[in-house]
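Comments concern the structure below.
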Amino acid sequence: MRWQGGRQSDNVEDRRTEGDDGGIPGGTGGGGFRFPSGGGMQSVRGGGISGILILAAIFLFLKFCTNIDPMQILVNGGLDQLAPGQSQTEPSPASRPTAQANDQMTQFVKTVLAETEDVWSGIFQAEGKQYPPPTMVLFNGQVRSACGFASAASGPFYCPGDRKLYIDLSFYDELDKKFGASGDFAQAYVLAHEVGHHVQNLIGVLPKFNQMRQNMSEADANAMSVRVELQADCFAGIWGHFTQQKGILEAGDLEEALNAAKQIGDDTLQRKIQGYVVPESFNHGTSAQRSAWFKRGFDSGKLDSCDTFSGGI
């Protein structure tokens, strides 16, 4: 990527000297790049497959029976809730400087975040809306958020409760050395995926999912989570599409992102970590699904190509 010299985002909170040591109770986060440990997924109590069928039926009915684009409804309906004067998360105060504040990786993630701001601001503006960007929180080891307490082992994640994405930059070393996903565009894809969750939060996808999952079984919640995560991958691809148009990408960058998507697929990770796969525990998607949906967004650059809730995935 030709990222050097690009604008760097100011929406960054550097907590790498704070040493968080406690949790804040909160809601469900927006997914992330969590590596499974072999012990299964977090339990979600509730009903049956009906929630998934209901959401899929809504999309199909709108799309084929009323000639209404469901993705347009998500964009317009969700963003209309962000009308002027509505209470939103206040910007974080300027974070205090750290010894790492100006290192190359910090500059890189700030530049990538700025690129996502530019792309999604343009997309939202085309819909007559404003894009409120997320804040990126840099931390070491452990961190508190409105969604609770997390360690670096959890991987990068987005919290809809405070509209912040959290990342311990040491994750990139693990992504490269342990999981074979190297390259700066692979690293950018990680951030773009979490920003994709922020977009889902704004258009209403995450709030709807977090409401529905309360009445789902663990297996059904995981199945719906896969669709949510694949849409975030597709949104990351949309960002890549417009980044390519700006001439920032170089030869081999797309392959880096597709390889990263492959290496962090649920099936690939489970085989590496525990030697076997448990499909009903998948909650991010297989390697083939993740790379395919990223590529779909990358090729089209259109929101309506990212409808993961209708039909097969």
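Every chain in the structure tokens takes a letter, A first, then B, and so on in the order presented; its residues are numbered from 1, and the ligands are numbered from 1 following the presented order.
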
Neighbours of Phe235 in chain A within 12 Å (only C-alpha atoms; same-chain residues fewer than 4 positions away dropped), as an mmCIF file with N, CA and C atoms, in the first residue's frame?
data_model
loop_
_atom_site.group_PDB
_atom_site.id
_atom_site.type_symbol
_atom_site.label_atom_id
_atom_site.label_comp_id
_atom_site.auth_asym_id
_atom_site.auth_seq_id
_atom_site.Cartn_x
_atom_site.Cartn_y
_atom_site.Cartn_z
ATOM 1 N N THR A 116 -10.700 4.996 5.768
ATOM 2 C CA THR A 116 -12.066 4.492 5.940
ATOM 3 C C THR A 116 -13.031 5.646 6.170
ATOM 4 N N VAL A 119 -13.774 7.198 2.716
ATOM 5 C CA VAL A 119 -14.610 6.349 1.864
ATOM 6 C C VAL A 119 -16.048 6.326 2.360
ATOM 7 N N TRP A 120 -16.244 6.031 3.643
ATOM 8 C CA TRP A 120 -17.611 5.900 4.141
ATOM 9 C C TRP A 120 -18.324 7.251 4.228
ATOM 10 N N ILE A 123 -19.716 7.602 0.770
ATOM 11 C CA ILE A 123 -20.855 6.712 0.535
ATOM 12 C C ILE A 123 -22.098 7.248 1.234
ATOM 13 N N TYR A 189 -7.097 -4.621 6.151
ATOM 14 C CA TYR A 189 -8.361 -5.367 6.086
ATOM 15 C C TYR A 189 -8.937 -5.606 7.480
ATOM 16 N N VAL A 190 -8.067 -5.882 8.458
ATOM 17 C CA VAL A 190 -8.522 -6.100 9.830
ATOM 18 C C VAL A 190 -9.273 -4.868 10.341
ATOM 19 N N LEU A 191 -8.679 -3.696 10.162
ATOM 20 C CA LEU A 191 -9.337 -2.463 10.598
ATOM 21 C C LEU A 191 -10.608 -2.189 9.802
ATOM 22 N N ALA A 192 -10.545 -2.410 8.490
ATOM 23 C CA ALA A 192 -11.705 -2.146 7.647
ATOM 24 C C ALA A 192 -12.875 -3.041 8.021
ATOM 25 N N HIS A 193 -12.590 -4.275 8.445
ATOM 26 C CA HIS A 193 -13.644 -5.182 8.906
ATOM 27 C C HIS A 193 -14.326 -4.630 10.155
ATOM 28 N N GLU A 194 -13.539 -4.136 11.117
ATOM 29 C CA GLU A 194 -14.127 -3.586 12.338
ATOM 30 C C GLU A 194 -14.915 -2.307 12.041
ATOM 31 N N VAL A 195 -14.420 -1.499 11.120
ATOM 32 C CA VAL A 195 -15.178 -0.325 10.693
ATOM 33 C C VAL A 195 -16.471 -0.772 10.008
ATOM 34 N N GLY A 196 -16.418 -1.914 9.318
ATOM 35 C CA GLY A 196 -17.633 -2.473 8.735
ATOM 36 C C GLY A 196 -18.692 -2.743 9.789
ATOM 37 N N HIS A 197 -18.265 -3.196 10.973
ATOM 38 C CA HIS A 197 -19.220 -3.386 12.074
ATOM 39 C C HIS A 197 -19.806 -2.044 12.522
ATOM 40 N N HIS A 198 -18.994 -0.996 12.482
ATOM 41 C CA HIS A 198 -19.495 0.332 12.837
ATOM 42 C C HIS A 198 -20.578 0.754 11.855
ATOM 43 N N VAL A 199 -20.354 0.505 10.569
ATOM 44 C CA VAL A 199 -21.362 0.827 9.566
ATOM 45 C C VAL A 199 -22.640 0.029 9.843
ATOM 46 N N GLN A 200 -22.481 -1.258 10.175
ATOM 47 C CA GLN A 200 -23.649 -2.069 10.518
ATOM 48 C C GLN A 200 -24.398 -1.494 11.720
ATOM 49 N N VAL A 228 -23.665 -11.821 9.830
ATOM 50 C CA VAL A 228 -23.256 -10.478 10.237
ATOM 51 C C VAL A 228 -21.777 -10.255 9.929
ATOM 52 N N GLU A 229 -20.948 -11.233 10.263
ATOM 53 C CA GLU A 229 -19.503 -11.095 10.050
ATOM 54 C C GLU A 229 -19.154 -11.055 8.565
ATOM 55 N N LEU A 230 -19.835 -11.856 7.770
ATOM 56 C CA LEU A 230 -19.549 -11.856 6.334
ATOM 57 C C LEU A 230 -19.953 -10.534 5.701
ATOM 58 N N GLN A 231 -21.007 -9.914 6.214
ATOM 59 C CA GLN A 231 -21.356 -8.591 5.699
ATOM 60 C C GLN A 231 -20.276 -7.568 6.042
ATOM 61 N N TRP A 239 -14.620 -0.821 1.008
ATOM 62 C CA TRP A 239 -13.558 0.152 1.301
ATOM 63 C C TRP A 239 -12.353 -0.102 0.404
ATOM 64 N N GLY A 240 -11.966 -1.379 0.238
ATOM 65 C CA GLY A 240 -10.845 -1.702 -0.632
ATOM 66 C C GLY A 240 -11.080 -1.272 -2.067
ATOM 67 N N HIS A 241 -12.310 -1.390 -2.538
ATOM 68 C CA HIS A 241 -12.667 -0.987 -3.902
ATOM 69 C C HIS A 241 -12.330 0.478 -4.141
ATOM 70 N N PHE A 242 -12.765 1.335 -3.231
ATOM 71 C CA PHE A 242 -12.533 2.773 -3.417
ATOM 72 C C PHE A 242 -11.089 3.151 -3.116
ATOM 73 N N ARG A 290 -15.386 -16.095 3.766
ATOM 74 C CA ARG A 290 -14.837 -14.790 4.125
ATOM 75 C C ARG A 290 -14.115 -14.150 2.938
ATOM 76 N N TRP A 293 -16.799 -13.086 0.196
ATOM 77 C CA TRP A 293 -17.588 -11.887 0.466
ATOM 78 C C TRP A 293 -16.732 -10.622 0.462
ATOM 79 N N PHE A 294 -15.485 -10.725 0.905
ATOM 80 C CA PHE A 294 -14.592 -9.565 0.760
ATOM 81 C C PHE A 294 -14.427 -9.220 -0.716
ATOM 82 N N LYS A 295 -14.201 -10.245 -1.530
ATOM 83 C CA LYS A 295 -13.987 -10.032 -2.971
ATOM 84 C C LYS A 295 -15.245 -9.455 -3.620
ATOM 85 N N ARG A 296 -16.412 -9.883 -3.158
ATOM 86 C CA ARG A 296 -17.652 -9.368 -3.722
ATOM 87 C C ARG A 296 -17.762 -7.862 -3.491
ATOM 88 N N GLY A 297 -17.483 -7.418 -2.279
ATOM 89 C CA GLY A 297 -17.512 -5.988 -2.000
ATOM 90 C C GLY A 297 -16.424 -5.242 -2.753
ATOM 91 N N PHE A 298 -15.251 -5.855 -2.857
ATOM 92 C CA PHE A 298 -14.122 -5.234 -3.545
ATOM 93 C C PHE A 298 -14.443 -5.032 -5.023
ATOM 94 N N ASP A 299 -15.083 -6.019 -5.639
ATOM 95 C CA ASP A 299 -15.373 -5.943 -7.070
ATOM 96 C C ASP A 299 -16.489 -4.953 -7.378
ATOM 97 N N SER A 300 -17.505 -4.889 -6.507
ATOM 98 C CA SER A 300 -18.687 -4.077 -6.819
ATOM 99 C C SER A 300 -18.613 -2.663 -6.275
ATOM 100 N N GLY A 301 -18.115 -2.510 -5.048
ATOM 101 C CA GLY A 301 -18.120 -1.212 -4.393
ATOM 102 C C GLY A 301 -19.513 -0.731 -4.036
ATOM 103 N N LYS A 302 -20.496 -1.656 -3.961
ATOM 104 C CA LYS A 302 -21.881 -1.275 -3.730
ATOM 105 C C LYS A 302 -22.453 -1.977 -2.499
ATOM 106 N N LEU A 303 -23.204 -1.233 -1.694
ATOM 107 C CA LEU A 303 -23.814 -1.790 -0.494
ATOM 108 C C LEU A 303 -24.764 -2.940 -0.804
ATOM 109 N N ASP A 304 -25.520 -2.836 -1.898
ATOM 110 C CA ASP A 304 -26.517 -3.856 -2.156
ATOM 111 C C ASP A 304 -25.904 -5.178 -2.596
ATOM 112 N N SER A 305 -24.598 -5.209 -2.812
ATOM 113 C CA SER A 305 -23.937 -6.481 -3.104
ATOM 114 C C SER A 305 -23.591 -7.235 -1.833
ATOM 115 N N CYS A 306 -23.831 -6.601 -0.677
ATOM 116 C CA CYS A 306 -23.435 -7.179 0.607
ATOM 117 C C CYS A 306 -24.613 -7.692 1.417
ATOM 118 N N ASP A 307 -25.674 -8.100 0.743
ATOM 119 C CA ASP A 307 -26.839 -8.647 1.438
ATOM 120 C C ASP A 307 -26.571 -10.110 1.780
ATOM 121 N N THR A 308 -26.018 -10.344 2.946
ATOM 122 C CA THR A 308 -25.708 -11.705 3.391
ATOM 123 C C THR A 308 -26.897 -12.367 4.070
#

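Distance annotation: of A:Ser170, A:Ser217, A:Arg227, A:Arg144, the residue with the minimal separation from Gly311 in chain A is A:Arg227; atom set is only C-alpha atoms.
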
- Polymer residues at most 10 Å from Ser225 in chain A, only C-alpha atoms, same-chain spacing of 5 or more positions, as a VMD selection string: chain A and resid 30 to 31 206 209 to 210 213 219 to 220 230 to 231 282 to 285

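Put simply, CA of Asp266 in chain A is 18.9 Å away from CA of Gly237 in chain A.
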
- Task: Find the distance between CA of Thr106 in chain A and CA of Thr17 in chain A and write it in Å to one decimal.
- Result: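 These atoms are spaced 14.3 Å apart.
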
- Task: Identify all residues of range 109-194 of chain A in strand (DSSP E) (DSSP on the backbone) and supply them as JSON, numbers by chain.
- Result: {"A": [135, 136, 137, 138, 142, 143, 144, 145, 148, 149, 150, 151, 157, 158, 159, 164, 165, 166, 167]}

Can I get the selected residues back with N, CA, C and O atoms, as a PDB file, in the first residue's frame?
ATOM      1  N   THR A 135     -14.222   5.875  16.943  1.00  0.00           N
ATOM      2  CA  THR A 135     -12.923   6.153  17.551  1.00  0.00           C
ATOM      3  C   THR A 135     -12.147   4.846  17.645  1.00  0.00           C
ATOM      4  O   THR A 135     -12.711   3.813  18.000  1.00  0.00           O
ATOM      5  N   MET A 136     -10.880   4.900  17.317  1.00  0.00           N
ATOM      6  CA  MET A 136     -10.013   3.730  17.446  1.00  0.00           C
ATOM      7  C   MET A 136      -9.236   3.828  18.751  1.00  0.00           C
ATOM      8  O   MET A 136      -8.561   4.831  18.994  1.00  0.00           O
ATOM      9  N   VAL A 137      -9.333   2.801  19.582  1.00  0.00           N
ATOM     10  CA  VAL A 137      -8.625   2.763  20.853  1.00  0.00           C
ATOM     11  C   VAL A 137      -7.426   1.816  20.729  1.00  0.00           C
ATOM     12  O   VAL A 137      -7.587   0.640  20.399  1.00  0.00           O
ATOM     13  N   LEU A 138      -6.236   2.345  20.977  1.00  0.00           N
ATOM     14  CA  LEU A 138      -5.022   1.526  20.999  1.00  0.00           C
ATOM     15  C   LEU A 138      -4.738   1.140  22.441  1.00  0.00           C
ATOM     16  O   LEU A 138      -4.764   1.985  23.340  1.00  0.00           O
ATOM     17  N   GLN A 142      -4.720  -5.383  27.876  1.00  0.00           N
ATOM     18  CA  GLN A 142      -6.109  -5.477  28.292  1.00  0.00           C
ATOM     19  C   GLN A 142      -6.745  -4.097  28.233  1.00  0.00           C
ATOM     20  O   GLN A 142      -6.061  -3.081  28.275  1.00  0.00           O
ATOM     21  N   VAL A 143      -8.084  -4.100  28.153  1.00  0.00           N
ATOM     22  CA  VAL A 143      -8.770  -2.827  27.956  1.00  0.00           C
ATOM     23  C   VAL A 143     -10.207  -2.922  28.467  1.00  0.00           C
ATOM     24  O   VAL A 143     -10.803  -4.001  28.487  1.00  0.00           O
ATOM     25  N   ARG A 144     -10.734  -1.779  28.898  1.00  0.00           N
ATOM     26  CA  ARG A 144     -12.130  -1.673  29.268  1.00  0.00           C
ATOM     27  C   ARG A 144     -12.898  -0.963  28.162  1.00  0.00           C
ATOM     28  O   ARG A 144     -12.398  -0.011  27.570  1.00  0.00           O
ATOM     29  N   SER A 145     -14.128  -1.412  27.921  1.00  0.00           N
ATOM     30  CA  SER A 145     -14.993  -0.767  26.942  1.00  0.00           C
ATOM     31  C   SER A 145     -16.416  -0.782  27.465  1.00  0.00           C
ATOM     32  O   SER A 145     -16.709  -1.402  28.494  1.00  0.00           O
ATOM     33  N   GLY A 148     -17.606  -4.254  27.989  1.00  0.00           N
ATOM     34  CA  GLY A 148     -16.974  -5.098  28.989  1.00  0.00           C
ATOM     35  C   GLY A 148     -15.465  -5.034  28.927  1.00  0.00           C
ATOM     36  O   GLY A 148     -14.872  -4.139  28.315  1.00  0.00           O
ATOM     37  N   PHE A 149     -14.843  -6.020  29.542  1.00  0.00           N
ATOM     38  CA  PHE A 149     -13.393  -6.090  29.668  1.00  0.00           C
ATOM     39  C   PHE A 149     -12.845  -7.092  28.660  1.00  0.00           C
ATOM     40  O   PHE A 149     -13.443  -8.142  28.443  1.00  0.00           O
ATOM     41  N   ALA A 150     -11.728  -6.769  28.025  1.00  0.00           N
ATOM     42  CA  ALA A 150     -11.139  -7.664  27.023  1.00  0.00           C
ATOM     43  C   ALA A 150      -9.635  -7.663  27.155  1.00  0.00           C
ATOM     44  O   ALA A 150      -9.029  -6.682  27.601  1.00  0.00           O
ATOM     45  N   SER A 151      -9.028  -8.764  26.758  1.00  0.00           N
ATOM     46  CA  SER A 151      -7.572  -8.870  26.711  1.00  0.00           C
ATOM     47  C   SER A 151      -7.128  -8.890  25.263  1.00  0.00           C
ATOM     48  O   SER A 151      -7.938  -9.046  24.338  1.00  0.00           O
ATOM     49  N   PHE A 157     -11.714  -5.676  18.168  1.00  0.00           N
ATOM     50  CA  PHE A 157     -13.174  -5.783  18.222  1.00  0.00           C
ATOM     51  C   PHE A 157     -13.792  -4.394  18.176  1.00  0.00           C
ATOM     52  O   PHE A 157     -13.141  -3.390  18.449  1.00  0.00           O
ATOM     53  N   TYR A 158     -15.061  -4.367  17.822  1.00  0.00           N
ATOM     54  CA  TYR A 158     -15.840  -3.136  17.793  1.00  0.00           C
ATOM     55  C   TYR A 158     -16.916  -3.220  18.863  1.00  0.00           C
ATOM     56  O   TYR A 158     -17.577  -4.250  19.015  1.00  0.00           O
ATOM     57  N   CYS A 159     -17.116  -2.135  19.599  1.00  0.00           N
ATOM     58  CA  CYS A 159     -18.148  -2.070  20.631  1.00  0.00           C
ATOM     59  C   CYS A 159     -19.216  -1.063  20.207  1.00  0.00           C
ATOM     60  O   CYS A 159     -18.939   0.141  20.151  1.00  0.00           O
ATOM     61  N   LYS A 164     -16.667   2.512  19.413  1.00  0.00           N
ATOM     62  CA  LYS A 164     -15.210   2.503  19.340  1.00  0.00           C
ATOM     63  C   LYS A 164     -14.723   1.133  18.875  1.00  0.00           C
ATOM     64  O   LYS A 164     -15.342   0.111  19.185  1.00  0.00           O
ATOM     65  N   LEU A 165     -13.635   1.132  18.132  1.00  0.00           N
ATOM     66  CA  LEU A 165     -12.981  -0.122  17.790  1.00  0.00           C
ATOM     67  C   LEU A 165     -11.670  -0.195  18.560  1.00  0.00           C
ATOM     68  O   LEU A 165     -10.986   0.817  18.729  1.00  0.00           O
ATOM     69  N   TYR A 166     -11.361  -1.378  19.039  1.00  0.00           N
ATOM     70  CA  TYR A 166     -10.237  -1.585  19.952  1.00  0.00           C
ATOM     71  C   TYR A 166      -9.220  -2.528  19.311  1.00  0.00           C
ATOM     72  O   TYR A 166      -9.587  -3.567  18.752  1.00  0.00           O
ATOM     73  N   ILE A 167      -7.935  -2.177  19.439  1.00  0.00           N
ATOM     74  CA  ILE A 167      -6.897  -3.037  18.881  1.00  0.00           C
ATOM     75  C   ILE A 167      -5.604  -2.910  19.663  1.00  0.00           C
ATOM     76  O   ILE A 167      -5.144  -1.810  19.986  1.00  0.00           O
TER      77      ILE A 167
END

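As for CA of Gln245 in chain A and CA of Ala114 in chain A, they are spaced 15.8 Å apart.
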